[in-house]
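**Q** Input file: data.txt. Contents: compact mmCIF, C-alpha atoms.
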# COMPACT_ATOMS: atom_id res chain seq x y z
CA MET X 1 -28.20 109.51 -46.51
CA ALA X 2 -30.80 109.78 -49.27
CA TYR X 3 -32.39 113.20 -49.79
CA ILE X 4 -34.41 112.49 -52.94
CA GLU X 5 -36.05 109.06 -52.98
CA LEU X 6 -37.93 107.38 -55.81
CA ASN X 7 -39.39 104.08 -54.64
CA GLN X 8 -40.77 101.62 -57.23
CA VAL X 9 -41.91 104.50 -59.47
CA SER X 10 -43.76 103.53 -62.65
CA LYS X 11 -45.46 105.51 -65.40
CA ARG X 12 -47.57 104.14 -68.23
CA PHE X 13 -49.02 105.78 -71.33
CA GLY X 14 -51.72 103.42 -72.53
CA LYS X 15 -50.09 100.03 -73.02
CA VAL X 16 -46.58 101.49 -73.05
CA THR X 17 -44.61 101.42 -69.79
CA ALA X 18 -42.37 104.50 -69.96
CA VAL X 19 -40.80 103.97 -66.51
CA ASP X 20 -40.83 100.56 -64.85
CA ARG X 21 -40.44 100.29 -61.05
CA LEU X 22 -37.60 102.78 -60.75
CA ASP X 23 -35.67 102.96 -57.47
CA LEU X 24 -33.32 105.92 -57.06
CA GLN X 25 -31.77 107.67 -54.07
CA ILE X 26 -29.93 110.97 -54.41
CA ALA X 27 -27.95 112.53 -51.55
CA LYS X 28 -28.11 116.19 -50.55
CA GLY X 29 -25.77 118.13 -52.83
CA GLU X 30 -25.29 115.23 -55.25
CA CYS X 31 -25.61 115.44 -59.03
CA VAL X 32 -27.09 112.42 -60.80
CA ALA X 33 -27.21 112.40 -64.60
CA MET X 34 -29.72 110.26 -66.48
CA LEU X 35 -28.50 108.82 -69.78
CA GLY X 36 -30.18 106.59 -72.33
CA PRO X 37 -31.54 106.52 -75.87
CA SER X 38 -34.58 108.57 -76.87
CA GLY X 39 -37.78 107.19 -75.39
CA CYS X 40 -36.05 105.37 -72.52
CA GLY X 41 -37.95 107.28 -69.78
CA LYS X 42 -35.43 109.95 -68.71
CA THR X 43 -37.61 113.01 -69.23
CA THR X 44 -40.72 111.20 -67.98
CA THR X 45 -38.88 110.52 -64.71
CA LEU X 46 -37.82 114.16 -64.46
CA ARG X 47 -41.39 115.31 -65.07
CA MET X 48 -42.70 113.04 -62.32
CA VAL X 49 -40.15 114.44 -59.87
CA ALA X 50 -41.10 117.98 -60.93
CA GLY X 51 -44.81 117.18 -60.54
CA PHE X 52 -45.74 117.84 -64.18
CA ASP X 53 -46.80 114.19 -64.51
CA ASP X 54 -48.31 112.06 -61.76
CA LEU X 55 -46.99 108.55 -61.27
CA ASP X 56 -48.95 105.31 -61.70
CA GLU X 57 -47.13 103.36 -58.99
CA GLY X 58 -44.67 104.03 -56.18
CA GLU X 59 -43.81 107.22 -54.35
CA ILE X 60 -41.43 110.18 -54.45
CA ARG X 61 -39.99 111.91 -51.37
CA VAL X 62 -37.59 114.80 -50.85
CA GLY X 63 -36.23 115.10 -47.35
CA GLU X 64 -39.13 114.61 -44.96
CA ARG X 65 -41.72 115.63 -47.55
CA LEU X 66 -43.89 113.23 -49.49
CA LEU X 67 -44.36 114.61 -53.01
CA SER X 68 -46.29 111.88 -54.80
CA SER X 69 -47.75 108.55 -53.68
CA LYS X 70 -50.19 106.38 -55.58
CA ARG X 71 -50.84 104.21 -52.53
CA GLU X 72 -51.67 107.19 -50.33
CA LYS X 73 -53.40 109.03 -53.19
CA TYR X 74 -51.27 112.09 -52.57
CA TYR X 75 -49.90 114.56 -55.11
CA LEU X 76 -48.16 117.87 -54.36
CA PRO X 77 -48.49 120.43 -57.20
CA PRO X 78 -45.27 121.60 -58.92
CA GLU X 79 -45.47 125.14 -57.56
CA GLN X 80 -45.33 123.83 -53.98
CA ARG X 81 -42.24 121.63 -54.46
CA ASN X 82 -39.66 124.46 -54.51
CA PHE X 83 -37.71 122.99 -57.40
CA GLY X 84 -35.72 124.94 -59.95
CA MET X 85 -36.17 123.73 -63.52
CA VAL X 86 -34.13 124.56 -66.62
CA PHE X 87 -35.34 123.29 -70.00
CA GLN X 88 -33.67 122.71 -73.35
CA ALA X 89 -35.42 125.81 -74.72
CA PHE X 90 -34.21 128.98 -73.00
CA ALA X 91 -37.81 129.95 -72.04
CA VAL X 92 -36.98 133.62 -71.48
CA TRP X 93 -39.42 136.45 -72.13
CA PRO X 94 -38.06 139.00 -74.62
CA HIS X 95 -40.51 141.72 -73.52
CA LEU X 96 -39.01 141.65 -69.99
CA SER X 97 -35.52 142.75 -69.01
CA VAL X 98 -33.00 140.21 -67.74
CA PHE X 99 -33.70 141.45 -64.21
CA GLU X 100 -37.45 141.04 -64.58
CA ASN X 101 -37.05 137.57 -66.11
CA VAL X 102 -35.16 136.46 -63.01
CA ALA X 103 -37.45 138.28 -60.59
CA PHE X 104 -40.67 136.93 -62.14
CA PRO X 105 -41.08 133.73 -60.03
CA LEU X 106 -40.41 135.77 -56.89
CA ARG X 107 -43.11 138.28 -57.82
CA VAL X 108 -45.53 135.39 -58.43
CA ARG X 109 -44.79 134.23 -54.87
CA LYS X 110 -45.56 137.78 -53.66
CA LEU X 111 -42.34 138.15 -51.70
CA PRO X 112 -41.46 141.55 -50.21
CA LYS X 113 -39.89 143.98 -52.70
CA ALA X 114 -36.63 144.16 -50.77
CA GLU X 115 -36.29 140.38 -50.76
CA ILE X 116 -37.09 140.20 -54.48
CA MET X 117 -34.37 142.76 -55.17
CA ALA X 118 -31.81 140.99 -52.98
CA ARG X 119 -32.49 137.49 -54.34
CA THR X 120 -32.53 138.63 -57.96
CA GLU X 121 -29.27 140.54 -57.64
CA GLU X 122 -27.66 137.54 -55.90
CA ALA X 123 -28.74 135.18 -58.70
CA LEU X 124 -27.54 137.62 -61.38
CA LYS X 125 -24.21 138.04 -59.61
CA HIS X 126 -23.55 134.30 -59.41
CA THR X 127 -24.38 133.83 -63.10
CA ASN X 128 -22.30 136.84 -64.22
CA LEU X 129 -25.34 138.75 -65.46
CA LEU X 130 -25.37 141.84 -63.23
CA SER X 131 -24.00 144.06 -65.99
CA ALA X 132 -26.81 142.89 -68.31
CA ALA X 133 -29.64 143.29 -65.78
CA ALA X 134 -31.35 146.10 -67.72
CA SER X 135 -30.86 144.46 -71.14
CA SER X 136 -33.34 142.43 -73.13
CA PRO X 137 -32.58 138.68 -73.29
CA ASP X 138 -32.66 139.09 -77.08
CA ASP X 139 -29.42 141.07 -76.78
CA LEU X 140 -27.64 138.08 -75.24
CA SER X 141 -25.96 135.07 -76.81
CA GLY X 142 -27.35 131.57 -76.43
CA GLY X 143 -25.11 131.04 -73.42
CA GLY X 144 -26.32 134.31 -71.92
CA LYS X 145 -29.96 133.31 -72.34
CA GLN X 146 -29.29 129.98 -70.65
CA ARG X 147 -27.64 131.87 -67.78
CA VAL X 148 -30.87 133.86 -67.42
CA ALA X 149 -32.81 130.59 -67.14
CA LEU X 150 -30.32 129.34 -64.54
CA ALA X 151 -30.48 132.59 -62.58
CA ARG X 152 -34.30 132.44 -62.56
CA ALA X 153 -34.15 128.91 -61.14
CA LEU X 154 -31.53 129.94 -58.54
CA ALA X 155 -33.52 132.95 -57.37
CA ILE X 156 -36.17 130.80 -55.69
CA ARG X 157 -33.38 129.08 -53.68
CA PRO X 158 -34.44 125.62 -54.79
CA ASP X 159 -34.10 122.44 -52.77
CA VAL X 160 -33.49 120.54 -56.00
CA MET X 161 -32.45 121.62 -59.50
CA LEU X 162 -33.97 119.71 -62.41
CA LEU X 163 -32.16 120.13 -65.74
CA ASP X 164 -33.61 118.73 -68.97
CA GLU X 165 -31.08 118.89 -71.83
CA PRO X 166 -30.22 122.46 -70.80
CA LEU X 167 -27.13 122.83 -73.01
CA SER X 168 -28.06 120.90 -76.13
CA SER X 169 -28.92 123.99 -78.17
CA LEU X 170 -25.55 125.64 -77.49
CA ASP X 171 -22.42 125.31 -79.60
CA PRO X 172 -19.68 122.93 -78.31
CA HIS X 173 -17.51 125.68 -76.82
CA LEU X 174 -20.40 127.22 -74.86
CA ARG X 175 -21.60 123.78 -73.74
CA GLU X 176 -18.22 123.04 -72.23
CA GLU X 177 -18.10 126.44 -70.53
CA MET X 178 -21.65 126.18 -69.12
CA ARG X 179 -21.30 122.64 -67.76
CA PHE X 180 -18.51 123.79 -65.43
CA GLU X 181 -20.49 126.87 -64.44
CA ILE X 182 -23.42 124.66 -63.44
CA LYS X 183 -21.08 122.50 -61.33
CA ASP X 184 -19.65 125.59 -59.65
CA LEU X 185 -23.16 126.84 -58.83
CA GLN X 186 -24.05 123.48 -57.32
CA ARG X 187 -20.98 123.55 -55.05
CA ARG X 188 -21.75 127.12 -54.02
CA PHE X 189 -25.44 126.63 -53.21
CA GLY X 190 -25.43 122.96 -52.20
CA PHE X 191 -28.58 121.86 -54.03
CA SER X 192 -29.09 118.39 -55.50
CA ILE X 193 -29.29 118.02 -59.28
CA LEU X 194 -31.16 115.54 -61.46
CA TYR X 195 -29.76 116.08 -64.94
CA VAL X 196 -31.20 114.61 -68.15
CA THR X 197 -28.88 114.61 -71.16
CA HIS X 198 -27.91 112.75 -74.33
CA ASP X 199 -24.37 114.12 -74.10
CA GLN X 200 -22.10 111.56 -72.43
CA SER X 201 -19.25 114.02 -71.92
CA GLU X 202 -21.67 116.34 -70.10
CA ALA X 203 -22.77 113.51 -67.83
CA MET X 204 -19.17 112.48 -67.15
CA ALA X 205 -18.03 116.04 -66.36
CA LEU X 206 -21.00 117.08 -64.21
CA SER X 207 -22.29 114.08 -62.33
CA ASP X 208 -21.30 112.28 -59.17
CA ARG X 209 -23.24 109.27 -60.44
CA ILE X 210 -24.80 108.29 -63.76
CA LEU X 211 -28.04 106.35 -64.23
CA ILE X 212 -28.33 104.44 -67.51
CA MET X 213 -31.88 103.63 -68.68
CA ARG X 214 -33.23 101.46 -71.47
CA ALA X 215 -36.95 101.08 -72.28
CA GLY X 216 -37.91 102.43 -68.85
CA VAL X 217 -35.67 100.04 -66.93
CA VAL X 218 -32.48 100.98 -65.05
CA GLN X 219 -29.44 99.19 -66.47
CA GLN X 220 -26.78 100.57 -64.12
CA ILE X 221 -26.22 103.29 -61.53
CA GLY X 222 -22.65 104.18 -60.66
CA THR X 223 -19.89 106.76 -60.77
CA PRO X 224 -18.67 107.84 -64.23
CA LEU X 225 -15.61 105.64 -63.73
CA GLN X 226 -17.75 102.63 -62.81
CA VAL X 227 -20.15 102.82 -65.75
CA TYR X 228 -17.29 103.39 -68.19
CA GLY X 229 -14.76 100.95 -66.77
CA ALA X 230 -17.04 98.26 -65.33
CA PRO X 231 -20.27 98.28 -67.41
CA ALA X 232 -23.03 96.07 -66.02
CA ASN X 233 -23.95 94.57 -69.38
CA ARG X 234 -23.37 94.79 -73.12
CA PHE X 235 -25.93 97.60 -73.55
CA VAL X 236 -24.08 99.86 -71.10
CA PHE X 237 -20.71 99.04 -72.66
CA GLU X 238 -22.03 99.85 -76.13
CA PHE X 239 -23.91 102.98 -75.05
CA ILE X 240 -21.15 104.64 -73.02
CA GLY X 241 -18.20 105.70 -75.14
CA LEU X 242 -16.96 104.07 -78.33
CA SER X 243 -16.96 100.29 -78.50
CA CYS X 244 -15.82 97.43 -80.73
CA PHE X 245 -17.17 93.88 -80.85
CA LEU X 246 -15.63 90.76 -82.37
CA GLN X 247 -17.37 87.40 -82.40
CA ALA X 248 -15.08 84.55 -81.39
CA ASN X 249 -15.26 80.77 -81.37
CA LEU X 250 -13.85 79.64 -78.02
CA ASN X 251 -12.28 76.51 -76.60
CA ALA X 252 -9.97 75.65 -73.74
CA SER X 253 -6.80 76.41 -75.72
CA GLY X 254 -7.74 79.71 -77.32
CA MET X 255 -10.10 81.40 -79.73
CA GLN X 256 -10.70 81.92 -83.40
CA LEU X 257 -12.24 85.18 -84.52
CA ASP X 258 -15.21 84.97 -86.85
CA GLY X 259 -14.00 84.91 -90.46
CA ALA X 260 -10.30 84.63 -89.58
CA ALA X 261 -8.23 81.76 -90.95
CA TYR X 262 -6.08 81.43 -87.84
CA ALA X 263 -6.42 80.90 -84.11
CA TRP X 264 -5.21 83.22 -81.37
CA PRO X 265 -4.24 81.99 -77.90
CA VAL X 266 -6.32 83.90 -75.37
CA GLY X 267 -4.14 86.18 -73.27
CA VAL X 268 -7.01 87.14 -70.96
CA ALA X 269 -9.26 84.12 -70.52
CA ALA X 270 -12.90 84.39 -71.51
CA PRO X 271 -15.49 83.52 -68.83
CA GLN X 272 -15.91 79.78 -68.42
CA GLU X 273 -19.60 79.90 -69.33
CA LEU X 274 -18.72 81.38 -72.73
CA VAL X 275 -15.94 78.81 -73.28
CA SER X 276 -18.48 76.09 -72.48
CA ALA X 277 -20.91 77.64 -74.96
CA GLY X 278 -18.15 77.72 -77.56
CA VAL X 279 -18.81 81.28 -78.68
CA GLY X 280 -18.65 84.81 -77.25
CA LEU X 281 -18.26 88.51 -78.06
CA LEU X 282 -14.91 90.13 -77.38
CA ALA X 283 -15.56 93.82 -76.60
CA ALA X 284 -12.98 96.59 -76.34
CA ARG X 285 -12.65 100.37 -76.32
CA PRO X 286 -10.80 101.82 -79.35
CA THR X 287 -8.43 103.58 -76.94
CA GLU X 288 -7.64 100.28 -75.18
CA ILE X 289 -6.25 98.48 -78.25
CA ASP X 290 -2.52 98.66 -79.04
CA PHE X 291 -0.65 98.00 -82.27
CA VAL X 292 2.07 95.38 -81.77
CA ALA X 293 4.90 94.39 -84.09
CA ASP X 294 4.75 90.68 -83.36
CA GLY X 295 1.87 88.42 -82.38
CA GLY X 296 -1.55 89.66 -81.38
CA VAL X 297 -4.65 89.55 -83.53
CA ARG X 298 -3.81 90.17 -87.17
CA GLY X 299 -5.68 92.80 -89.14
CA GLU X 300 -5.44 95.20 -92.09
CA VAL X 301 -5.74 98.99 -91.85
CA LEU X 302 -8.61 100.25 -94.04
CA ARG X 303 -8.68 103.91 -93.00
CA LYS X 304 -6.58 106.38 -91.06
CA ALA X 305 -8.13 109.70 -90.03
CA TYR X 306 -6.50 112.56 -88.12
CA LEU X 307 -8.79 114.01 -85.42
CA GLY X 308 -6.58 116.65 -83.87
CA GLU X 309 -4.75 114.98 -80.98
CA THR X 310 -6.08 111.54 -81.97
CA ILE X 311 -5.60 109.28 -84.98
CA ASP X 312 -8.61 107.08 -85.69
CA TYR X 313 -7.90 103.77 -87.49
CA LEU X 314 -10.43 101.43 -89.06
CA VAL X 315 -9.03 97.90 -89.07
CA ARG X 316 -10.46 94.77 -90.69
CA VAL X 317 -10.12 91.70 -88.49
CA GLY X 318 -11.56 88.52 -89.99
CA ALA X 319 -15.13 89.28 -91.03
CA SER X 320 -15.37 92.34 -88.74
CA GLU X 321 -14.15 95.91 -88.67
CA LEU X 322 -13.07 97.76 -85.56
CA ARG X 323 -11.73 101.17 -84.62
CA VAL X 324 -8.42 101.84 -82.91
CA GLN X 325 -7.56 105.28 -81.53
CA LYS X 326 -4.04 106.38 -80.66
CA THR X 327 -2.44 109.76 -79.99
CA ARG X 328 -1.06 111.58 -83.02
CA ARG X 329 2.46 111.17 -81.63
CA ALA X 330 2.23 107.36 -81.68
CA ILE X 331 3.72 105.71 -84.76
CA GLY X 332 1.10 103.46 -86.35
CA PRO X 333 0.65 101.45 -89.55
CA ALA X 334 -0.30 103.01 -92.87
CA VAL X 335 -3.48 102.35 -94.82
CA GLY X 336 -3.29 98.93 -96.48
CA GLU X 337 -0.67 97.58 -94.09
CA SER X 338 -1.05 94.44 -92.01
CA CYS X 339 -0.92 94.96 -88.26
CA GLY X 340 -1.07 93.11 -84.96
CA LEU X 341 -3.53 94.12 -82.25
CA ASN X 342 -3.31 93.65 -78.50
CA PHE X 343 -6.51 94.10 -76.41
CA LEU X 344 -5.52 95.75 -73.14
CA ARG X 345 -8.80 95.43 -71.22
CA PRO X 346 -11.14 93.09 -73.08
CA HIS X 347 -14.72 92.51 -71.92
CA TRP X 348 -16.70 89.40 -72.79
CA TYR X 349 -20.42 89.09 -73.49
CA PRO X 350 -22.72 86.33 -74.75
CA VAL X 351 -23.60 86.40 -78.44
Here is the file; what I need is its structure written in the form of structure tokens.
**A**
Amino acid sequence: MAYIELNQVSKRFGKVTAVDRLDLQIAKGECVAMLGPSGCGKTTTLRMVAGFDDLDEGEIRVGERLLSSKREKYYLPPEQRNFGMVFQAFAVWPHLSVFENVAFPLRVRKLPKAEIMARTEEALKHTNLLSAAASSPDDLSGGGKQRVALARALAIRPDVMLLDEPLSSLDPHLREEMRFEIKDLQRRFGFSILYVTHDQSEAMALSDRILIMRAGVVQQIGTPLQVYGAPANRFVFEFIGLSCFLQANLNASGMQLDGAAYAWPVGVAAPQELVSAGVGLLAARPTEIDFVADGGVRGEVLRKAYLGETIDYLVRVGASELRVQKTRRAIGPAVGESCGLNFLRPHWYPV
């Protein structure tokens, strides 16, 4: 059952439509990550849910509460929505102790002193900050400062947590550590999360579902496995993970890759509409291409780079170049060698 509902939500800035008739339902306790290129409408959507921006069309509900509705001319201010928000910038006050940073929103709400103390200590405990309660945030690492921001959002016991690129300013090790801490906090407290990020690995690790946006329009909503393994269109395939594309001339008996002087019988048939058109794009993940001794698509290895557990190959095929990634234990061709390629899970798109 939907807990957060965005119905036909739109936002315009002058002649630019930043968000175009967005429909989204988020269940209680669910984490939905929003992915897309810069300017696609992710943060604008988050700001409308938070109440920082009003919408131009549609309505937003959480539970039984109406938050924003253009039709009913209703708008609930941000401070009355009971949402926790964590920004990309840590937004901590260096002149206040860690304890006072976390207690601040509770003091603004004029809660009883005993309740402020109890809620603040609970939030500090669950973010591993109790030992630093009397310290200045300036004495903490970047990860520590982001924990302060999380603890401050948790202290109000939010119905929904809104996270806008909260880990992007941290180093890779801390980012990985914090993403799992956020997931643990969600399981413990049961709040819903709307998470804006550019980091695909973050979205994959944290979210129950991922929403992909482009120019204000939703391209696909699905589980991480669905958007990676069954992309709705070429944009999603190209945006999520690494991708390779080869243009092919198609007919009933096989295909000929653009620039290649030979034909290749199609092992996995292209869609009939592309065969009828006579041309299509063969798309594949670098990790879903195998080197084969005999047969396959012929290519030449241009580059071979060691990336820890992975070896990254750049292979010329006809007039195109594509990447192939195999584990470092797999025996592959050397630079300059000819090779055969087998596409394990090819996708097809119109040119």
**Q** Just give me the gap between CA of Pro271 in chain X and CA of Gly318 in chain X in Å, one decimal is fine.
**A**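 Answer for the CA of Pro271 in chain X to CA of Gly318 in chain X separation: 22.1 Å.
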**Q** Between X:Gln88, X:Gln146, X:Asn251, X:Asn82, which has the minimum distance to Phe191 in chain X (counting all atoms listed in the file)?
**A**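 Closest to Phe191 in chain X of all the choices is X:Asn82.
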**Q** Would you kindly identify which residues have an atom no farther than 8 Å from (-19.1, 100.8, -71.0), using all atoms listed in the file and the file's own coordinates, and write them out as an NGL selection string?
**A** :X and (227-232 or 234-241 or 243)
**Q** For each of X:Ile210, X:Ala118, X:Val324, X:Ala27, take the minimum atom-to-atom distance to Gly299 in chain X, counting all atoms listed in the file, then give the residue where this is smallest.
**A**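 Under the stated criterion, the closest residue is X:Val324.
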**Q** Can you list, as an mmCIF file with C-alpha atoms, in the frame of the given file, every protein, DNA or RNA residue that comes within 7 Å of Arg214 in chain X when you count all atoms listed in the file, leaving out same-chain residues fewer than 2 positions away?
**A**
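For reference, selection_7.cif as written:
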data_model
loop_
_atom_site.group_PDB
_atom_site.id
_atom_site.type_symbol
_atom_site.label_atom_id
_atom_site.label_comp_id
_atom_site.auth_asym_id
_atom_site.auth_seq_id
_atom_site.Cartn_x
_atom_site.Cartn_y
_atom_site.Cartn_z
ATOM 1 C CA GLY X 36 -30.180 106.590 -72.330
ATOM 2 C CA PRO X 37 -31.540 106.520 -75.870
ATOM 3 C CA CYS X 40 -36.050 105.370 -72.520
ATOM 4 C CA ILE X 212 -28.330 104.440 -67.510
ATOM 5 C CA GLY X 216 -37.910 102.430 -68.850
ATOM 6 C CA VAL X 217 -35.670 100.040 -66.930
ATOM 7 C CA VAL X 218 -32.480 100.980 -65.050
ATOM 8 C CA GLN X 219 -29.440 99.190 -66.470
#
**Q** Can you work out the spacing between CA of Lys42 in chain X and CA of Asp208 in chain X in Å, to one decimal?
**A**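 These atoms are spaced 17.2 Å apart.
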**Q** Which value, in Å to one decimal, gives the distance between CA of Ala91 in chain X and CA of Glu5 in chain X?
**A**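 Separation of CA of Ala91 in chain X and CA of Glu5 in chain X: 28.3 Å.
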**Q** Given all atoms listed in the file as the basis, pick out the residue of X:Glu273, X:Glu337, X:Asp20, X:Glu177 nearest to Arg303 in chain X.
**A**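 Ranking X:Glu273, X:Glu337, X:Asp20, X:Glu177 by distance to Arg303 in chain X, first place goes to X:Glu337.
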